[in-house]
$ cat protein25.cif   # mmCIF, C-alpha atoms
data_protein
loop_
_atom_site.group_PDB
_atom_site.id
_atom_site.type_symbol
_atom_site.label_atom_id
_atom_site.label_comp_id
_atom_site.auth_asym_id
_atom_site.auth_seq_id
_atom_site.Cartn_x
_atom_site.Cartn_y
_atom_site.Cartn_z
ATOM 1 C CA MET A 1 121.007 103.760 43.611
ATOM 2 C CA SER A 2 120.466 106.282 46.392
ATOM 3 C CA PRO A 3 121.810 105.543 49.879
ATOM 4 C CA ARG A 4 119.335 104.198 52.416
ATOM 5 C CA LYS A 5 118.018 106.836 54.811
ATOM 6 C CA TYR A 6 119.136 106.492 58.434
ATOM 7 C CA ASP A 7 116.087 105.909 60.627
ATOM 8 C CA LYS A 8 116.942 107.311 64.058
ATOM 9 C CA THR A 9 113.528 106.336 65.505
ATOM 10 C CA LYS A 10 114.030 102.695 64.530
ATOM 11 C CA CYS A 11 117.533 102.691 66.051
ATOM 12 C CA VAL A 12 116.292 104.174 69.359
ATOM 13 C CA SER A 13 113.389 101.701 69.446
ATOM 14 C CA ASN A 14 115.751 98.771 68.835
ATOM 15 C CA SER A 15 118.138 100.050 71.506
ATOM 16 C CA GLU A 16 115.283 100.296 74.051
ATOM 17 C CA ALA A 17 114.115 96.769 73.153
ATOM 18 C CA ILE A 18 117.617 95.424 73.870
ATOM 19 C CA ARG A 19 117.771 97.367 77.138
ATOM 20 C CA GLN A 20 114.401 95.967 78.229
ATOM 21 C CA ARG A 21 115.468 92.425 77.293
ATOM 22 C CA ILE A 22 118.586 92.813 79.446
ATOM 23 C CA LEU A 23 116.529 94.176 82.360
ATOM 24 C CA LYS A 24 113.904 91.422 82.153
ATOM 25 C CA SER A 25 116.624 88.785 82.047
ATOM 26 C CA THR A 26 118.422 90.380 84.984
ATOM 27 C CA LEU A 27 115.258 90.582 87.056
ATOM 28 C CA ALA A 28 114.482 86.915 86.348
ATOM 29 C CA LEU A 29 118.024 85.889 87.316
ATOM 30 C CA HIS A 30 118.039 88.066 90.435
ATOM 31 C CA SER A 31 114.834 86.361 91.589
ATOM 32 C CA GLN A 32 116.507 82.937 91.137
ATOM 33 C CA LYS A 33 120.114 83.598 92.158
ATOM 34 C CA GLY A 34 120.110 86.943 93.959
ATOM 35 C CA ILE A 35 121.877 90.111 92.881
ATOM 36 C CA PHE A 36 125.373 88.996 93.834
ATOM 37 C CA GLY A 37 124.821 85.469 92.538
ATOM 38 C CA THR A 38 124.113 86.796 89.042
ATOM 39 C CA SER A 39 127.049 87.587 86.765
ATOM 40 C CA TRP A 40 127.100 89.804 83.685
ATOM 41 C CA LYS A 41 127.855 86.632 81.706
ATOM 42 C CA ASP A 42 124.662 85.022 83.090
ATOM 43 C CA ILE A 43 122.702 88.087 82.033
ATOM 44 C CA ALA A 44 124.209 88.123 78.540
ATOM 45 C CA GLN A 45 123.379 84.440 78.014
ATOM 46 C CA HIS A 46 119.843 84.777 79.355
ATOM 47 C CA ALA A 47 119.169 87.922 77.273
ATOM 48 C CA ASP A 48 120.873 86.412 74.202
ATOM 49 C CA VAL A 49 123.202 89.378 73.756
ATOM 50 C CA SER A 50 126.963 89.751 73.960
ATOM 51 C CA LEU A 51 128.723 90.424 77.237
ATOM 52 C CA ALA A 52 129.938 93.733 75.787
ATOM 53 C CA THR A 53 126.323 94.747 75.123
ATOM 54 C CA VAL A 54 125.357 94.184 78.751
ATOM 55 C CA TYR A 55 128.332 96.276 79.933
ATOM 56 C CA ASN A 56 127.499 98.932 77.360
ATOM 57 C CA TYR A 57 124.002 99.392 78.774
ATOM 58 C CA PHE A 58 124.845 98.736 82.440
ATOM 59 C CA PRO A 59 128.537 99.207 83.312
ATOM 60 C CA SER A 60 127.984 98.505 87.033
ATOM 61 C CA LEU A 61 125.456 97.458 89.669
ATOM 62 C CA ASP A 62 124.918 101.161 90.394
ATOM 63 C CA GLU A 63 123.168 101.483 87.016
ATOM 64 C CA LEU A 64 121.684 97.989 86.820
ATOM 65 C CA VAL A 65 119.995 97.564 90.215
ATOM 66 C CA PRO A 66 117.971 100.839 90.167
ATOM 67 C CA ALA A 67 116.825 100.095 86.603
ATOM 68 C CA CYS A 68 115.727 96.614 87.716
ATOM 69 C CA GLY A 69 113.961 98.216 90.672
ATOM 70 C CA LYS A 70 111.946 100.433 88.340
ATOM 71 C CA LEU A 71 110.982 97.438 86.212
ATOM 72 C CA MET A 72 110.025 95.447 89.310
ATOM 73 C CA ALA A 73 107.893 98.363 90.548
ATOM 74 C CA ALA A 74 106.153 98.536 87.165
ATOM 75 C CA ILE A 75 105.372 94.809 87.405
ATOM 76 C CA ALA A 76 104.440 94.674 91.121
ATOM 77 C CA GLN A 77 102.698 98.076 91.239
ATOM 78 C CA PRO A 78 103.241 98.967 94.891
ATOM 79 C CA PRO A 79 100.510 101.122 96.414
ATOM 80 C CA SER A 80 101.338 104.628 97.538
ATOM 81 C CA LEU A 81 100.207 106.776 100.430
ATOM 82 C CA GLU A 82 98.362 108.913 97.891
ATOM 83 C CA ASP A 83 96.115 105.872 97.262
ATOM 84 C CA ALA A 84 94.960 105.817 100.906
ATOM 85 C CA ASP A 85 91.678 107.681 100.323
ATOM 86 C CA THR A 86 90.725 105.163 97.636
ATOM 87 C CA ILE A 87 91.942 102.154 99.630
ATOM 88 C CA PHE A 88 89.947 103.032 102.744
ATOM 89 C CA ALA A 89 86.935 104.669 101.071
ATOM 90 C CA ASP A 90 83.647 103.523 102.650
ATOM 91 C CA ALA A 91 85.489 101.352 105.207
ATOM 92 C CA SER A 92 83.559 102.383 108.287
ATOM 93 C CA THR A 93 84.811 99.910 110.889
ATOM 94 C CA VAL A 94 88.334 99.188 112.102
ATOM 95 C CA GLU A 95 87.844 95.588 110.991
ATOM 96 C CA GLU A 96 87.082 96.723 107.413
ATOM 97 C CA ARG A 97 90.025 99.125 107.413
ATOM 98 C CA ILE A 98 92.423 96.403 108.604
ATOM 99 C CA ALA A 99 91.063 94.014 105.958
ATOM 100 C CA ARG A 100 91.654 96.641 103.233
ATOM 101 C CA LEU A 101 95.157 97.349 104.542
ATOM 102 C CA VAL A 102 96.080 93.649 104.538
ATOM 103 C CA LYS A 103 94.527 93.034 101.115
ATOM 104 C CA THR A 104 96.255 96.045 99.539
ATOM 105 C CA LEU A 105 99.696 95.084 100.816
ATOM 106 C CA PHE A 106 99.253 91.375 100.097
ATOM 107 C CA ASP A 107 98.039 92.112 96.541
ATOM 108 C CA PHE A 108 101.304 93.967 96.026
ATOM 109 C CA TYR A 109 103.372 91.204 97.672
ATOM 110 C CA GLU A 110 101.716 88.595 95.496
ATOM 111 C CA ARG A 111 102.467 90.535 92.302
ATOM 112 C CA GLY A 112 106.056 91.142 93.403
ATOM 113 C CA GLU A 113 106.742 87.885 95.256
ATOM 114 C CA PRO A 114 109.491 86.607 92.926
ATOM 115 C CA TYR A 115 111.412 89.870 93.341
ATOM 116 C CA LEU A 116 110.917 90.867 96.982
ATOM 117 C CA GLU A 117 113.350 88.481 98.703
ATOM 118 C CA ILE A 118 116.453 90.447 99.718
ATOM 119 C CA ASP A 119 119.469 88.898 101.405
ATOM 120 C CA HIS A 120 121.930 90.450 103.857
ATOM 121 C CA GLN A 121 124.604 91.268 101.249
ATOM 122 C CA GLU A 122 122.113 92.918 98.918
ATOM 123 C CA ARG A 123 121.046 95.240 101.727
ATOM 124 C CA MET A 124 124.492 96.865 101.468
ATOM 125 C CA LEU A 125 123.577 98.332 98.063
ATOM 126 C CA GLU A 126 122.359 101.926 98.263
ATOM 127 C CA SER A 127 119.490 101.388 95.819
ATOM 128 C CA VAL A 128 118.274 98.356 97.821
ATOM 129 C CA GLN A 129 118.430 100.414 101.029
ATOM 130 C CA GLU A 130 116.374 103.135 99.332
ATOM 131 C CA TRP A 131 113.794 100.539 98.252
ATOM 132 C CA GLU A 132 113.562 99.074 101.758
ATOM 133 C CA THR A 133 113.181 102.561 103.273
ATOM 134 C CA TYR A 134 110.377 103.296 100.803
ATOM 135 C CA LEU A 135 108.611 100.019 101.695
ATOM 136 C CA LYS A 136 108.926 100.634 105.445
ATOM 137 C CA GLU A 137 107.538 104.161 105.101
ATOM 138 C CA LEU A 138 104.716 102.868 102.893
ATOM 139 C CA ILE A 139 103.712 100.088 105.322
ATOM 140 C CA ASP A 140 104.016 102.401 108.349
ATOM 141 C CA GLY A 141 102.045 105.154 106.620
ATOM 142 C CA LEU A 142 99.208 102.946 105.390
ATOM 143 C CA THR A 143 98.985 101.282 108.824
ATOM 144 C CA ARG A 144 98.705 104.675 110.561
ATOM 145 C CA ILE A 145 96.025 105.805 108.093
ATOM 146 C CA ALA A 146 94.084 102.542 108.476
ATOM 147 C CA LEU A 147 94.037 102.987 112.248
ATOM 148 C CA GLU A 148 93.289 106.738 112.347
ATOM 149 C CA PRO A 149 89.736 106.298 113.678
ATOM 150 C CA ILE A 150 90.929 104.551 116.850
ATOM 151 C CA LYS A 151 94.266 106.323 117.339
ATOM 152 C CA PRO A 152 96.222 103.388 118.816
ATOM 153 C CA ASN A 153 99.449 103.898 120.698
ATOM 154 C CA LYS A 154 102.749 104.006 118.809
ATOM 155 C CA ARG A 155 103.802 100.543 119.977
ATOM 156 C CA THR A 156 100.644 98.914 118.572
ATOM 157 C CA THR A 157 101.056 100.690 115.230
ATOM 158 C CA GLU A 158 104.709 99.617 115.013
ATOM 159 C CA ALA A 159 103.834 96.011 115.911
ATOM 160 C CA MET A 160 101.158 95.916 113.205
ATOM 161 C CA SER A 161 103.549 97.384 110.643
ATOM 162 C CA ALA A 162 106.150 94.745 111.543
ATOM 163 C CA LEU A 163 103.593 91.944 111.078
ATOM 164 C CA LEU A 164 102.715 93.356 107.656
ATOM 165 C CA ASP A 165 106.349 93.498 106.489
ATOM 166 C CA VAL A 166 107.412 91.592 103.353
ATOM 167 C CA PRO A 167 109.666 89.032 105.113
ATOM 168 C CA VAL A 168 106.758 87.952 107.354
ATOM 169 C CA TYR A 169 104.504 87.395 104.340
ATOM 170 C CA LEU A 170 107.243 85.505 102.469
ATOM 171 C CA SER A 171 107.964 83.383 105.541
ATOM 172 C CA PHE A 172 104.354 82.195 105.618
ATOM 173 C CA ARG A 173 104.443 81.518 101.866
ATOM 174 C CA ARG A 174 107.597 79.414 102.252
ATOM 175 C CA ARG A 175 105.738 77.334 104.823
ATOM 176 C CA GLY A 176 103.152 76.470 102.214
ATOM 177 C CA MET A 177 100.324 78.712 103.395
ATOM 178 C CA SER A 178 98.007 80.083 100.731
ATOM 179 C CA ARG A 179 97.466 83.792 100.239
ATOM 180 C CA ALA A 180 93.881 83.449 101.535
ATOM 181 C CA GLU A 181 95.061 81.654 104.697
ATOM 182 C CA ILE A 182 97.723 84.274 105.399
ATOM 183 C CA GLU A 183 95.287 87.119 104.782
ATOM 184 C CA GLN A 184 92.637 85.673 107.113
ATOM 185 C CA MET A 185 95.159 84.938 109.848
ATOM 186 C CA MET A 186 96.728 88.413 109.551
ATOM 187 C CA ASN A 187 93.313 90.112 109.740
ATOM 188 C CA GLU A 188 92.567 88.176 112.941
ATOM 189 C CA LEU A 189 95.991 88.887 114.464
ATOM 190 C CA LEU A 190 95.844 92.607 113.729
ATOM 191 C CA LEU A 191 92.305 92.907 115.038
ATOM 192 C CA CYS A 192 93.378 91.150 118.264
ATOM 193 C CA LEU A 193 96.230 93.641 118.639
ATOM 194 C CA VAL A 194 93.858 96.571 118.187
ATOM 195 C CA VAL A 195 91.311 95.201 120.659
ATOM 196 C CA ARG A 196 94.010 94.445 123.220
ATOM 197 C CA SER A 197 95.598 97.884 122.892
ATOM 198 C CA SER A 198 92.263 99.660 123.371
ATOM 199 C CA SER A 199 91.203 97.655 126.441
#
$ encode --input "protein25.cif" --output "structure tokens"
Amino acid sequence: MSPRKYDKTKCVSNSEAIRQRILKSTLALHSQKGIFGTSWKDIAQHADVSLATVYNYFPSLDELVPACGKLMAAIAQPPSLEDADTIFADASTVEERIARLVKTLFDFYERGEPYLEIDHQERMLESVQEWETYLKELIDGLTRIALEPIKPNKRTTEAMSALLDVPVYLSFRRRGMSRAEIEQMMNELLLCLVVRSSS
């Protein structure tokens, strides 16, 4: 009987499946318990792998958190500044541009809602700081582009960006407001800010 041939492709595929299972479990646990509230043992149990396997794939938070961030981004699909032309295409009025801005960001927040809550301790992690910097730049950039036709002052743009930030959206959600209610209210608030700043 000849020895069985080693199938490297199958081994790599199996290894990636285990890695993905660990990441999905970690992301689910992080959304329930936070990054620091989740232990490697929790992850191993949730992923149905040994503790050694989790450490083998992710020896520390420095490897685990960025990998979870990539998975979260794949699930939540954040917009990018490169999408701005598509987002604001054919939006001729400031009201339409604000509505597109709010809808685009809130679509993303809704897809990523379970994963976007970040506590004070987690903000100490470099990869979390990088993510928050990216989000701030994204919100600021899309807000500036949305308002280009009226060229508001810097203070108005910054105030609008702050109102569109993730914690504000999540705060409204925690108070039981529906996505449609938040979106309508935010459109009205932002339009009021624009009108007030231009008068």
$ resolve_selection --input "protein25.cif" --expression "the PyMOL selection byres ((chain A and resi 138-140) around 8)" --output "VMD selection string"
chain A and resid 79 to 81 105 134 to 137 141 to 144 157 to 158 161 164 to 165
$ closest_residue --input "protein25.cif" --among "A:Tyr55, A:Arg21, A:Pro167, A:Thr26" --to "Ile118 of chain A" --atoms "all atoms listed in the file"
A:Pro167
$ closest_atom_pairs --input "protein25.cif" --of "segment 43-134 of chain A" --to "segment 178-190 of chain A" --cutoff "8 Å" --atoms "all atoms listed in the file" --output "JSON lines"
{"residue": "A:Glu95", "atom": "CA", "partner": "A:Asn187", "partner_atom": "CA", "distance": 7.8}
{"residue": "A:Ile98", "atom": "CA", "partner": "A:Asn187", "partner_atom": "CA", "distance": 6.5}
{"residue": "A:Ala99", "atom": "CA", "partner": "A:Asn187", "partner_atom": "CA", "distance": 5.9}
{"residue": "A:Val102", "atom": "CA", "partner": "A:Glu183", "partner_atom": "CA", "distance": 6.6}
{"residue": "A:Lys103", "atom": "CA", "partner": "A:Glu183", "partner_atom": "CA", "distance": 7.0}
{"residue": "A:Phe106", "atom": "CA", "partner": "A:Glu183", "partner_atom": "CA", "distance": 7.5}
{"residue": "A:Glu110", "atom": "CA", "partner": "A:Arg179", "partner_atom": "CA", "distance": 8.0}
$ closest_residue --input "protein25.cif" --among "A:Ser15, A:Ser197, A:Leu27, A:Asn56" --to "Ile43 of chain A" --atoms "only C-alpha atoms"
A:Leu27
$ closest_residue --input "protein25.cif" --among "A:Cys68, A:Ile150, A:Ala76, A:Ile87" --to "Leu29 of chain A" --atoms "only C-alpha atoms"
A:Cys68
$ residues_around --input "protein25.cif" --residues "Gly69 of chain A" --least-positions-apart "2" --cutoff "12 Å" --atoms "only C-alpha atoms" --output "ChimeraX atom specification"
/A:23-24,26-27,30-31,35,61-67,71-78,112,115-116,126-132,134
$ closest_residue --input "protein25.cif" --among "A:Ala28, A:Lys41, A:Ser60, A:Arg19" --to "Leu125 of chain A" --atoms "all atoms listed in the file"
A:Ser60
$ atom_distance --input "protein25.cif" --atom1 "atom CA of Val49 of chain A" --atom2 "atom CA of Glu117 of chain A"
26.8 Å
$ atom_distance --input "protein25.cif" --atom1 "atom CA of Ser39 of chain A" --atom2 "atom CA of Lys70 of chain A"
19.9 Å
$ closest_residue --input "protein25.cif" --among "A:Phe88, A:Phe172, A:Trp40, A:Tyr109" --to "Val54 of chain A" --atoms "all atoms listed in the file"
A:Trp40
$ atom_distance --input "protein25.cif" --atom1 "atom CA of Pro114 of chain A" --atom2 "atom CA of Val166 of chain A"
11.7 Å
$ closest_residue --input "protein25.cif" --among "A:Met124, A:Leu193, A:Met177, A:Val94" --to "Phe36 of chain A" --atoms "all atoms listed in the file"
A:Met124
